[in-house]
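Text of input-v2.cif, listed as mmCIF, C-alpha atoms and all ligand atoms:
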```cif
data_protein
#
loop_
_atom_site.label_atom_id
_atom_site.label_comp_id
_atom_site.auth_asym_id
_atom_site.auth_seq_id
_atom_site.Cartn_x
_atom_site.Cartn_y
_atom_site.Cartn_z
CA MET A 122 0.00 0.00 0.00
CA SER A 123 1.02 3.58 -0.57
CA ALA A 124 1.36 5.60 2.66
CA THR A 125 0.26 9.20 3.01
CA LEU A 126 3.07 11.32 4.44
CA ASN A 127 2.67 14.37 6.68
CA SER A 128 5.93 16.10 5.72
CA THR A 129 6.82 17.79 2.42
CA PRO A 130 9.07 16.67 -0.47
CA ALA A 131 11.54 19.51 0.19
CA ALA A 132 11.83 18.61 3.88
CA ASP A 133 12.46 14.96 2.94
CA GLY A 134 15.05 15.72 0.23
CA PHE A 135 12.78 15.05 -2.81
CA ARG A 136 12.41 17.20 -5.95
CA MET A 137 10.41 17.04 -9.16
CA PRO A 138 12.80 16.07 -11.99
CA GLY A 139 12.69 18.01 -15.26
CA GLU A 140 10.72 16.30 -18.02
CA HIS A 141 13.95 15.90 -20.01
CA GLU A 142 15.35 13.57 -17.28
CA PRO A 143 14.96 9.76 -17.69
CA HIS A 144 11.46 8.29 -17.39
CA ALA A 145 10.22 4.90 -16.20
CA GLY A 146 7.01 5.47 -18.15
CA CYS A 147 4.02 7.62 -18.93
CA TRP A 148 0.39 7.66 -17.76
CA MET A 149 -2.56 8.71 -19.92
CA ALA A 150 -6.38 8.43 -19.64
CA TRP A 151 -8.88 7.44 -22.32
CA PRO A 152 -11.38 10.12 -23.45
CA GLU A 153 -15.09 9.32 -23.61
CA ARG A 154 -17.37 12.09 -22.34
CA PRO A 155 -19.58 13.26 -25.21
CA ASP A 156 -20.11 16.74 -23.75
CA ASN A 157 -16.42 17.53 -24.30
CA TRP A 158 -15.37 15.28 -27.17
CA ARG A 159 -17.28 15.34 -30.44
CA LEU A 160 -18.93 12.28 -31.97
CA SER A 161 -18.87 10.36 -28.69
CA ALA A 162 -15.10 10.85 -28.50
CA LYS A 163 -14.33 8.52 -31.43
CA PRO A 164 -11.99 10.99 -33.23
CA ALA A 165 -10.34 11.96 -29.93
CA GLN A 166 -9.79 8.30 -29.05
CA ALA A 167 -7.94 7.83 -32.35
CA ALA A 168 -5.73 10.85 -31.56
CA PHE A 169 -5.04 9.69 -27.99
CA ALA A 170 -4.19 6.23 -29.33
CA ALA A 171 -1.73 7.75 -31.82
CA VAL A 172 -0.04 9.69 -28.99
CA ALA A 173 0.15 6.57 -26.81
CA GLU A 174 1.63 4.51 -29.65
CA ALA A 175 4.21 7.21 -30.40
CA ILE A 176 5.30 7.38 -26.75
CA GLN A 177 5.34 3.64 -26.14
CA LEU A 178 8.11 3.26 -28.73
CA SER A 179 10.25 5.18 -26.24
CA GLU A 180 8.93 4.26 -22.77
CA PRO A 181 6.15 2.12 -21.23
CA VAL A 182 2.66 3.68 -21.37
CA THR A 183 -0.27 2.99 -19.03
CA MET A 184 -3.78 4.00 -20.12
CA ALA A 185 -6.47 4.56 -17.48
CA VAL A 186 -9.95 3.73 -18.76
CA SER A 187 -13.52 3.29 -17.51
CA ASP A 188 -15.07 -0.16 -17.33
CA ALA A 189 -17.50 0.87 -20.09
CA GLN A 190 -14.64 1.62 -22.49
CA TYR A 191 -12.22 -1.07 -21.32
CA GLU A 192 -12.73 -3.61 -24.10
CA HIS A 193 -12.76 -1.00 -26.85
CA CYS A 194 -9.63 0.71 -25.52
CA ARG A 195 -7.83 -2.62 -24.92
CA SER A 196 -8.51 -3.80 -28.44
CA THR A 197 -7.52 -0.45 -29.97
CA LEU A 198 -4.10 -0.15 -28.33
CA SER A 199 -1.01 -2.30 -28.86
CA PRO A 200 -0.64 -5.16 -26.36
CA SER A 201 2.51 -3.53 -24.98
CA ILE A 202 0.45 -0.61 -23.64
CA ARG A 203 -0.88 -1.41 -20.15
CA VAL A 204 -4.61 -0.66 -19.85
CA VAL A 205 -6.07 -0.37 -16.33
CA GLU A 206 -9.60 0.34 -15.20
CA LEU A 207 -9.46 3.59 -13.23
CA SER A 208 -12.39 6.01 -12.99
CA THR A 209 -11.94 9.63 -14.05
CA ASN A 210 -14.30 12.44 -15.06
CA ASP A 211 -12.32 13.22 -18.22
CA ALA A 212 -8.91 12.47 -19.68
CA TRP A 213 -6.37 15.17 -18.69
CA MET A 214 -3.68 13.11 -16.98
CA ARG A 215 -1.26 16.05 -16.70
CA ASP A 216 -3.76 17.79 -14.46
CA ILE A 217 -5.27 14.92 -12.46
CA GLY A 218 -2.26 12.62 -12.16
CA PRO A 219 0.36 12.80 -9.42
CA THR A 220 3.47 14.94 -9.74
CA PHE A 221 6.31 12.49 -9.14
CA VAL A 222 9.29 13.60 -7.07
CA ARG A 223 12.62 11.80 -6.55
CA ASP A 224 15.50 11.97 -4.07
CA ASN A 225 19.24 11.62 -4.58
CA GLN A 226 19.06 7.87 -4.04
CA GLY A 227 16.51 7.53 -6.85
CA ARG A 228 13.56 6.86 -4.53
CA ARG A 229 10.23 8.17 -5.81
CA ARG A 230 7.19 9.68 -4.13
CA GLY A 231 4.12 11.46 -5.51
CA VAL A 232 2.36 14.76 -4.89
CA ASP A 233 -1.44 14.57 -5.01
CA TRP A 234 -2.75 18.12 -5.56
CA ARG A 235 -6.34 19.14 -4.94
CA PHE A 236 -8.31 19.29 -8.17
CA ASN A 237 -11.40 21.42 -8.90
CA ALA A 238 -11.84 21.03 -12.67
CA TRP A 239 -9.98 24.25 -13.51
CA GLY A 240 -11.99 26.62 -11.33
CA GLY A 241 -14.64 24.76 -9.34
CA LEU A 242 -18.05 26.39 -9.34
CA HIS A 243 -16.52 29.71 -10.49
CA GLY A 244 -15.50 29.06 -14.07
CA GLY A 245 -14.65 25.37 -13.76
CA LEU A 246 -15.20 23.23 -16.84
CA TYR A 247 -17.49 20.52 -15.45
CA PHE A 248 -19.14 19.19 -12.33
CA PRO A 249 -18.61 16.84 -10.59
CA TRP A 250 -14.83 16.28 -10.56
CA ASP A 251 -14.55 13.85 -7.63
CA ARG A 252 -13.21 10.93 -9.70
CA ASP A 253 -10.50 13.15 -11.16
CA ASP A 254 -9.53 14.26 -7.67
CA ARG A 255 -9.05 10.62 -6.57
CA ALA A 256 -7.07 9.56 -9.65
CA ALA A 257 -3.62 10.59 -8.37
CA GLN A 258 -4.00 8.57 -5.17
CA LYS A 259 -5.03 5.48 -7.14
CA ILE A 260 -2.10 5.85 -9.52
CA LEU A 261 0.32 6.12 -6.59
CA GLU A 262 -1.18 2.90 -5.15
CA ILE A 263 -0.63 1.12 -8.47
CA GLU A 264 2.92 2.47 -8.70
CA ARG A 265 3.55 1.56 -5.00
CA VAL A 266 4.76 5.08 -4.36
CA ASP A 267 4.11 7.02 -1.13
CA ARG A 268 1.97 10.14 -1.33
CA TYR A 269 2.00 13.74 -0.17
CA ARG A 270 -1.48 15.32 -0.23
CA ALA A 271 -0.75 18.96 -1.09
CA PRO A 272 -2.78 21.70 0.59
CA ILE A 273 -3.64 23.66 -2.59
CA VAL A 274 -5.68 23.34 -5.76
CA LEU A 275 -3.23 22.89 -8.62
CA GLU A 276 -3.14 21.16 -12.01
CA GLY A 277 0.09 19.67 -13.32
CA GLY A 278 -0.20 21.75 -16.50
CA SER A 279 0.08 24.95 -14.49
CA ILE A 280 3.73 24.30 -13.57
CA HIS A 281 6.95 23.41 -15.35
CA VAL A 282 10.24 22.71 -13.57
CA ASP A 283 13.81 22.49 -14.82
CA GLY A 284 14.73 19.88 -12.18
CA GLU A 285 17.48 22.19 -10.89
CA GLY A 286 15.47 24.39 -8.57
CA THR A 287 13.38 26.56 -10.92
CA VAL A 288 9.59 26.55 -11.34
CA LEU A 289 7.77 28.32 -14.16
CA THR A 290 4.09 29.25 -13.74
CA THR A 291 1.53 31.95 -14.61
CA GLU A 292 -0.26 34.54 -12.53
CA GLU A 293 -3.41 34.09 -14.63
CA CYS A 294 -3.81 30.55 -13.34
CA LEU A 295 -2.19 30.21 -9.92
CA LEU A 296 -3.34 33.61 -8.64
CA ASN A 297 -6.84 33.13 -10.04
CA ALA A 298 -9.56 33.55 -7.40
CA ASN A 299 -11.09 30.27 -8.56
CA ARG A 300 -8.09 28.18 -7.37
CA ASN A 301 -6.77 29.22 -3.94
CA PRO A 302 -8.45 32.55 -3.04
CA GLU A 303 -7.41 32.34 0.62
CA LEU A 304 -3.68 32.28 -0.21
CA SER A 305 -1.35 35.16 -1.16
CA ARG A 306 1.24 34.97 -3.95
CA GLU A 307 3.95 34.49 -1.30
CA GLN A 308 2.07 31.62 0.36
CA ILE A 309 1.49 29.91 -2.99
CA GLU A 310 5.17 30.30 -3.85
CA ALA A 311 6.20 28.77 -0.54
CA ILE A 312 3.93 25.75 -1.11
CA LEU A 313 5.25 25.28 -4.66
CA LEU A 314 8.83 25.26 -3.41
CA ASP A 315 7.99 22.83 -0.57
CA TYR A 316 6.06 20.37 -2.74
CA LEU A 317 8.28 20.53 -5.84
CA GLY A 318 11.57 20.60 -3.95
CA ALA A 319 12.56 23.80 -5.72
CA GLU A 320 14.16 27.14 -4.84
CA LYS A 321 12.80 29.80 -7.19
CA VAL A 322 9.43 30.53 -8.84
CA ILE A 323 9.34 32.54 -12.06
CA TRP A 324 5.96 34.09 -12.75
CA LEU A 325 4.79 34.71 -16.30
CA GLY A 326 1.65 36.81 -16.73
CA ARG A 327 -0.97 35.21 -18.95
CA GLY A 328 -1.18 31.97 -20.90
CA VAL A 329 -2.30 31.36 -24.47
CA CYS A 330 -5.26 33.36 -25.76
CA ASN A 331 -8.61 31.72 -24.90
CA ASP A 332 -7.02 28.92 -22.88
CA GLU A 333 -9.89 27.45 -20.86
CA THR A 334 -7.47 26.38 -18.11
CA ASP A 335 -6.98 30.04 -17.13
CA GLY A 336 -3.59 30.18 -18.76
CA HIS A 337 -1.66 27.00 -18.00
CA VAL A 338 2.04 27.56 -18.44
CA ASP A 339 2.45 24.26 -20.33
CA ASN A 340 0.68 25.78 -23.32
CA ILE A 341 2.73 28.98 -23.54
CA ALA A 342 6.24 28.15 -22.30
CA CYS A 343 8.24 25.16 -21.12
CA PHE A 344 11.77 24.08 -20.25
CA ALA A 345 13.64 22.12 -22.90
CA ARG A 346 16.38 21.70 -20.28
CA PRO A 347 17.80 23.93 -17.54
CA GLY A 348 18.45 27.42 -18.91
CA VAL A 349 16.49 26.88 -22.15
CA VAL A 350 12.81 27.86 -22.46
CA LEU A 351 10.54 27.39 -25.48
CA LEU A 352 7.91 30.13 -25.87
CA THR A 353 4.92 30.28 -28.23
CA TRP A 354 5.33 33.34 -30.42
CA THR A 355 3.58 35.41 -33.04
CA ALA A 356 5.08 38.53 -34.62
CA ASP A 357 1.59 39.71 -35.63
CA GLU A 358 0.96 42.73 -33.43
CA GLY A 359 -2.73 42.62 -34.34
CA ASP A 360 -3.06 39.22 -32.67
CA PRO A 361 -3.78 39.43 -28.90
CA GLN A 362 -1.29 36.59 -28.45
CA HIS A 363 1.53 38.93 -29.44
CA ALA A 364 1.28 41.13 -26.33
CA ILE A 365 0.95 38.06 -24.08
CA SER A 366 4.02 36.37 -25.56
CA ARG A 367 5.99 39.66 -25.61
CA ASP A 368 5.29 40.11 -21.88
CA ALA A 369 6.44 36.54 -21.19
CA LEU A 370 9.62 37.12 -23.19
CA GLU A 371 10.42 40.32 -21.32
CA ARG A 372 9.88 38.63 -17.95
CA LEU A 373 12.13 35.72 -18.94
CA GLU A 374 14.82 38.09 -20.20
CA ALA A 375 14.73 40.05 -16.94
CA VAL A 376 15.37 37.15 -14.53
CA THR A 377 17.85 34.41 -13.79
CA ASP A 378 17.01 30.88 -12.72
CA ALA A 379 17.69 29.24 -9.34
CA ARG A 380 21.30 28.59 -10.36
CA GLY A 381 21.84 32.20 -11.52
CA ARG A 382 21.68 31.44 -15.27
CA SER A 383 20.05 33.81 -17.79
CA PHE A 384 17.55 32.07 -20.06
CA GLU A 385 17.97 31.24 -23.71
CA VAL A 386 14.42 31.70 -25.05
CA ILE A 387 13.51 29.87 -28.27
CA ARG A 388 10.39 31.16 -30.02
CA LEU A 389 8.07 28.53 -31.47
CA PRO A 390 5.67 29.88 -34.12
CA ALA A 391 2.04 30.05 -32.98
CA PRO A 392 -0.20 27.96 -35.23
CA GLY A 393 -3.39 29.39 -36.66
CA PRO A 394 -5.33 31.18 -35.27
CA ILE A 395 -7.32 27.94 -35.32
CA LEU A 396 -11.12 28.20 -34.97
CA ILE A 397 -13.77 25.57 -34.15
CA GLY A 398 -15.61 24.49 -37.31
CA GLU A 399 -19.41 24.25 -37.65
CA ASP A 400 -19.31 20.48 -37.98
CA GLU A 401 -16.92 20.19 -35.03
CA ALA A 402 -19.11 22.26 -32.69
CA GLY A 403 -22.18 20.36 -33.83
CA GLY A 404 -20.68 17.02 -32.84
CA VAL A 405 -20.44 17.86 -29.13
CA ASN A 406 -23.43 17.09 -26.88
CA SER A 407 -23.90 20.40 -25.06
CA MET A 408 -24.79 20.01 -21.39
CA PRO A 409 -25.59 22.56 -18.67
CA GLY A 410 -22.54 23.14 -16.47
CA THR A 411 -20.06 22.10 -19.15
CA LEU A 412 -18.13 24.55 -21.31
CA ALA A 413 -19.95 25.19 -24.60
CA ARG A 414 -18.15 24.55 -27.91
CA ASN A 415 -19.23 27.22 -30.41
CA ALA A 416 -18.34 27.37 -34.09
CA GLY A 417 -15.89 30.21 -34.75
CA ASP A 418 -14.40 30.25 -31.25
CA ARG A 419 -10.61 30.46 -31.22
CA LEU A 420 -8.81 27.40 -29.86
CA ALA A 421 -5.76 27.68 -27.60
CA ALA A 422 -3.40 26.08 -30.11
CA SER A 423 0.34 25.90 -29.31
CA TYR A 424 3.30 23.78 -30.33
CA VAL A 425 4.72 24.21 -26.81
CA ASN A 426 2.25 21.56 -25.63
CA PHE A 427 4.52 18.60 -26.47
CA TYR A 428 5.79 15.61 -24.46
CA ILE A 429 9.48 14.83 -23.94
CA ALA A 430 9.82 11.02 -23.93
CA ASN A 431 13.10 9.20 -23.31
CA ASN A 432 14.36 9.19 -26.86
CA ARG A 433 11.75 11.23 -28.73
CA VAL A 434 9.66 14.35 -28.51
CA VAL A 435 5.99 13.88 -29.43
CA PHE A 436 4.52 17.17 -30.64
CA PRO A 437 1.12 18.27 -31.97
CA LEU A 438 0.59 18.73 -35.71
CA LEU A 439 -1.77 21.70 -35.84
CA ASP A 440 -1.22 23.86 -38.92
CA GLU A 441 0.48 22.75 -42.14
CA ARG A 442 1.91 26.25 -42.59
CA HIS A 443 3.94 25.96 -39.37
CA ASP A 444 4.28 22.24 -38.50
CA GLY A 445 7.59 21.88 -40.37
CA GLU A 446 9.19 24.94 -38.77
CA ALA A 447 8.08 23.76 -35.32
CA ALA A 448 9.60 20.32 -36.00
CA ASP A 449 12.90 21.87 -37.15
CA LEU A 450 13.13 24.09 -34.06
CA LEU A 451 12.39 21.14 -31.77
CA ALA A 452 15.00 19.02 -33.56
CA ALA A 453 17.64 21.71 -32.99
CA CYS A 454 16.59 21.99 -29.36
CA PHE A 455 16.54 18.25 -28.57
CA PRO A 456 19.63 16.69 -30.19
CA GLY A 457 19.55 12.91 -29.71
CA ARG A 458 15.76 12.74 -29.61
CA GLU A 459 13.61 11.90 -32.62
CA ILE A 460 10.88 14.49 -33.31
CA ILE A 461 7.50 12.86 -33.96
CA GLY A 462 4.42 14.86 -35.00
CA VAL A 463 0.96 13.49 -34.23
CA GLY A 464 -2.29 14.94 -35.63
CA ALA A 465 -3.70 16.75 -32.61
CA ARG A 466 -6.66 18.83 -33.73
CA GLU A 467 -9.09 16.46 -32.00
CA ILE A 468 -7.22 16.88 -28.70
CA LEU A 469 -7.17 20.64 -29.16
CA LEU A 470 -10.95 20.64 -29.71
CA GLY A 471 -11.31 19.20 -26.19
CA GLY A 472 -9.35 22.09 -24.69
CA GLY A 473 -5.73 20.98 -24.42
CA ASN A 474 -2.98 19.06 -26.16
CA ILE A 475 -0.33 16.35 -25.92
CA HIS A 476 1.37 17.61 -22.76
CA CYS A 477 -2.02 17.98 -21.07
CA ILE A 478 -2.92 14.32 -21.64
CA THR A 479 0.38 12.78 -20.47
CA GLN A 480 2.17 12.43 -17.13
CA GLN A 481 5.72 11.14 -16.87
CA VAL A 482 6.94 8.77 -14.15
CA PRO A 483 10.62 9.48 -13.52
CA ALA A 484 13.10 6.62 -13.56
CA ALA A 485 13.72 5.21 -10.10
CA ALA A 486 17.47 5.75 -10.17
CA ALA A 487 19.12 8.89 -11.45
CA GLY A 488 20.18 8.22 -15.02
O1 LIG B 1 -4.92 21.86 -21.01
C1 LIG B 1 -5.11 21.17 -20.07
N1 LIG B 1 -4.13 20.93 -19.24
C2 LIG B 1 -6.40 20.61 -19.74
C3 LIG B 1 -7.49 21.18 -20.52
C4 LIG B 1 -8.78 20.78 -19.94
C5 LIG B 1 -9.89 21.06 -20.83
C6 LIG B 1 -11.15 20.47 -20.34
N2 LIG B 1 -12.18 20.62 -21.30
#
```
As structure tokens, please, write out the structure in this file.
Amino acid sequence: MSATLNSTPAADGFRMPGEHEPHAGCWMAWPERPDNWRLSAKPAQAAFAAVAEAIQLSEPVTMAVSDAQYEHCRSTLSPSIRVVELSTNDAWMRDIGPTFVRDNQGRRRGVDWRFNAWGGLHGGLYFPWDRDDRAAQKILEIERVDRYRAPIVLEGGSIHVDGEGTVLTTEECLLNANRNPELSREQIEAILLDYLGAEKVIWLGRGVCNDETDGHVDNIACFARPGVVLLTWTADEGDPQHAISRDALERLEAVTDARGRSFEVIRLPAPGPILIGEDEAGGVNSMPGTLARNAGDRLAASYVNFYIANNRVVFPLLDERHDGEAADLLAACFPGREIIGVGAREILLGGGNIHCITQQVPAAAAG
């Protein structure tokens, strides 16, 4: 059984490794709710399956699935992908899964954050979210990893770490009144450092335009490795994304990381703007209390929302005009890793992308 610990990762000598560090595997969850995924989630399931197959060529993948979808999911995925029945409310493993931490001896533990579906009853995306909130604990049981239950609402997509003491996040999300209204910026920072085993928090302002997560950092900027940040970028000053990305760039240029390094910032072209099509909006079963999908609404598309697997980077194909440039920039940034594009429009239509649907498990021993 997995024990629940009363201390914190920092106090016990644990830290969250950077995503570029070696993994033991990756967790995902199978989409099915028809009020978020069009056509009863059939197209999204194909996209999730393609992501899982791309990752499993680099590291073991586990797919969480409902009993109702078990047989379909099991027969869709390769036998080498582990499929386990585990109840969730939707399929955003980055946000509902545990954040794994590791100590210098290679021992692992997990942080189980509180989850309120990206804003609870004040702008949250669905109700209820109780199964999602229990998912991290169940995963830690399966992984036989002890658990810290963190005292704040936080989704994994709202933080990125470099594994060497630096945390990247956004004010739009973590200071939003619909997450932890009783806590100040300083209190939230202190909890981040304690539960991620880090030393410095760098605050960006807002996330990608129209991001329904209230601006998760994993859609606008991420660490490629310590000292190197990838940032979604458009030079079009008429696009509201320009001012958001410009502000992020200026903040990154004005600070140093926990080790005193200045950042190299690599700009990834923003795809689109990509809008929801008539047929796409029409395929979603609208339900009271769930975010509506309207034709013509702008989607929060970004190439930053990729997953770093052990020997490959799996990134979203979103816009033929920019996919090749994004792939070339990622290839230059990740020497030694193969760059694999996966058609991701169906994931984007549900409100996120490849990073949002994956959660890495670090390797047990430092690699
Ligand atoms: O981007 C994410 N990390 C999650 C998006 C959730 C969207 C729910 N409809």
Per residue of chain A within 9 Å of ligand LIG 1 (chain B), what are the shortest atom pair and its distance in Å to one decimal, counting only C-alpha atoms and all ligand atoms, with rows by chain and residue number, as a Markdown table?
```
| residue | atom | partner | partner_atom | distance |
| --- | --- | --- | --- | --- |
| A:Asn157 | CA | B:LIG1 | N2 | 6.0 |
| A:Trp158 | CA | B:LIG1 | N2 | 8.6 |
| A:Asp211 | CA | B:LIG1 | C6 | 7.6 |
| A:Ala212 | CA | B:LIG1 | C4 | 8.3 |
| A:Trp213 | CA | B:LIG1 | C2 | 5.5 |
| A:Met214 | CA | B:LIG1 | N1 | 8.2 |
| A:Arg215 | CA | B:LIG1 | N1 | 6.2 |
| A:Asp216 | CA | B:LIG1 | N1 | 5.7 |
| A:Ala238 | CA | B:LIG1 | C6 | 7.7 |
| A:Trp239 | CA | B:LIG1 | C4 | 7.4 |
| A:Gly245 | CA | B:LIG1 | C6 | 8.9 |
| A:Leu246 | CA | B:LIG1 | N2 | 6.0 |
| A:Tyr247 | CA | B:LIG1 | N2 | 7.9 |
| A:Glu276 | CA | B:LIG1 | N1 | 7.3 |
| A:Gly277 | CA | B:LIG1 | N1 | 7.4 |
| A:Gly278 | CA | B:LIG1 | N1 | 4.9 |
| A:Ser279 | CA | B:LIG1 | N1 | 7.5 |
| A:Asp332 | CA | B:LIG1 | O1 | 7.6 |
| A:Glu333 | CA | B:LIG1 | C5 | 6.4 |
| A:Thr334 | CA | B:LIG1 | C3 | 5.7 |
| A:Gly336 | CA | B:LIG1 | O1 | 8.7 |
| A:His337 | CA | B:LIG1 | N1 | 6.7 |
| A:Asp339 | CA | B:LIG1 | N1 | 7.5 |
| A:Asn340 | CA | B:LIG1 | O1 | 7.2 |
| A:Thr411 | CA | B:LIG1 | N2 | 8.3 |
| A:Leu412 | CA | B:LIG1 | N2 | 7.1 |
| A:Ala421 | CA | B:LIG1 | O1 | 8.8 |
| A:Asn426 | CA | B:LIG1 | O1 | 8.5 |
| A:Leu469 | CA | B:LIG1 | O1 | 8.5 |
| A:Leu470 | CA | B:LIG1 | N2 | 8.5 |
| A:Gly471 | CA | B:LIG1 | N2 | 5.2 |
| A:Gly472 | CA | B:LIG1 | C5 | 4.0 |
| A:Gly473 | CA | B:LIG1 | O1 | 3.6 |
| A:Asn474 | CA | B:LIG1 | O1 | 6.2 |
| A:Ile475 | CA | B:LIG1 | O1 | 8.7 |
| A:His476 | CA | B:LIG1 | N1 | 7.3 |
| A:Cys477 | CA | B:LIG1 | N1 | 4.1 |
| A:Ile478 | CA | B:LIG1 | N1 | 7.1 |
```
Who sits within 12 Å of Asn297 in chain A, all atoms listed in the file, same chain under 6 positions skipped, as a list in words = Trp239, Gly240, Gly241, His243, Gly244, Gly245, Val274, Leu275, Ser279, Thr291, Glu303, Leu304, Ser305, Arg306, Ile309, Gly326, Arg327, Thr334, Asp335, Gly336 and His337 of chain A
One-decimal distance in Å that lies between CA of Pro392 in chain A and CA of Glu441 in chain A |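 Pair CA of Glu441 in chain A / CA of Pro392 in chain A returns 8.7 Å.
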With a distance cut-off of 9 Å and all atoms listed in the file, select the neighbouring residues of Asn432 in chain A, excluding the residue or stretch itself and same-chain residues fewer than 2 positions from it, and output the selection as a list of chain:residue names.
->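 Returned residues: A:Leu178, A:Ser179, A:Glu180, A:Ile429, A:Ala430, A:Val434, A:Gly457, A:Arg458, A:Glu459.
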Those same residues - C-alpha atoms - I'd like them written as a tab-separated table (two decimals), in the coordinates of the input.
```tsv
chain	number	residue	atom	x	y	z
A	178	LEU	CA	8.11	3.26	-28.73
A	179	SER	CA	10.25	5.18	-26.24
A	180	GLU	CA	8.93	4.26	-22.77
A	429	ILE	CA	9.48	14.83	-23.94
A	430	ALA	CA	9.82	11.02	-23.93
A	434	VAL	CA	9.66	14.35	-28.51
A	457	GLY	CA	19.55	12.91	-29.71
A	458	ARG	CA	15.76	12.74	-29.61
A	459	GLU	CA	13.61	11.90	-32.62
```
How big is the axis-aligned box, and where does its centre sit, when it encloses all atoms of range 270-276 of chain A listed in the file and has 3 Å added on every side, reported in Å to one decimal as AutoDock Vina command-line options?
```
--center_x -3.2 --center_y 19.5 --center_z -5.7 --size_x 10.9 --size_y 14.3 --size_z 18.6
```
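Using all atoms listed in the file, the shortest contact distance between Arg414 in chain A and any of A:Gly393, A:Gly398, A:Pro164, A:Pro272 is found at A:Gly398.
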Could you give me, as a tab-separated table, a per-residue list for range 306-420 of chain A showing, wherever an atom lies at most 7 Å from an atom of range 125-145 of chain A, the closest pair of atoms and their distance in Å to one decimal, using all atoms listed in the file and sorting by chain then residue number from low to high?
```
residue	atom	partner	partner_atom	distance
A:Asp315	CA	A:Ala131	CA	4.9
A:Tyr316	CA	A:Pro130	CA	5.3
A:Leu317	CA	A:Met137	CA	5.3
A:Gly318	CA	A:Arg136	CA	4.0
A:Ala319	CA	A:Arg136	CA	6.6
A:Ala345	CA	A:His141	CA	6.9
A:Arg346	CA	A:His141	CA	6.3
```
Residue contacts of Glu385 in chain A (8 Å, all atoms listed in the file) excluding same-chain residues fewer than 3 positions away, as a PyMOL selection string | chain A and resi 348-350
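Each of A:Ser423, A:Gln480, A:Asn301, A:Gln258 was checked against Ser123 in chain A using only C-alpha atoms; the smallest atom-to-atom distance is that of A:Gln258.
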Pick from A:Pro249, A:Pro302, A:Pro483, A:Pro200: nearest to Gly410 in chain A, with all atoms listed in the file counted?
->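 The answer is A:Pro249, which sits nearest to Gly410 in chain A.
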Find the residue from A:Ser366, A:Asn299, A:Thr287, A:Ser383 that sits nearest to Lys321 in chain A; use all atoms listed in the file when measuring.
->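 Counting all atoms listed in the file, the residue closest to Lys321 in chain A is A:Thr287.
Among the candidate residues A:Leu289, A:Val232, A:Met408, A:Ile202, the one lying nearest to Ala271 in chain A is A:Val232, with distances computed using all atoms listed in the file.
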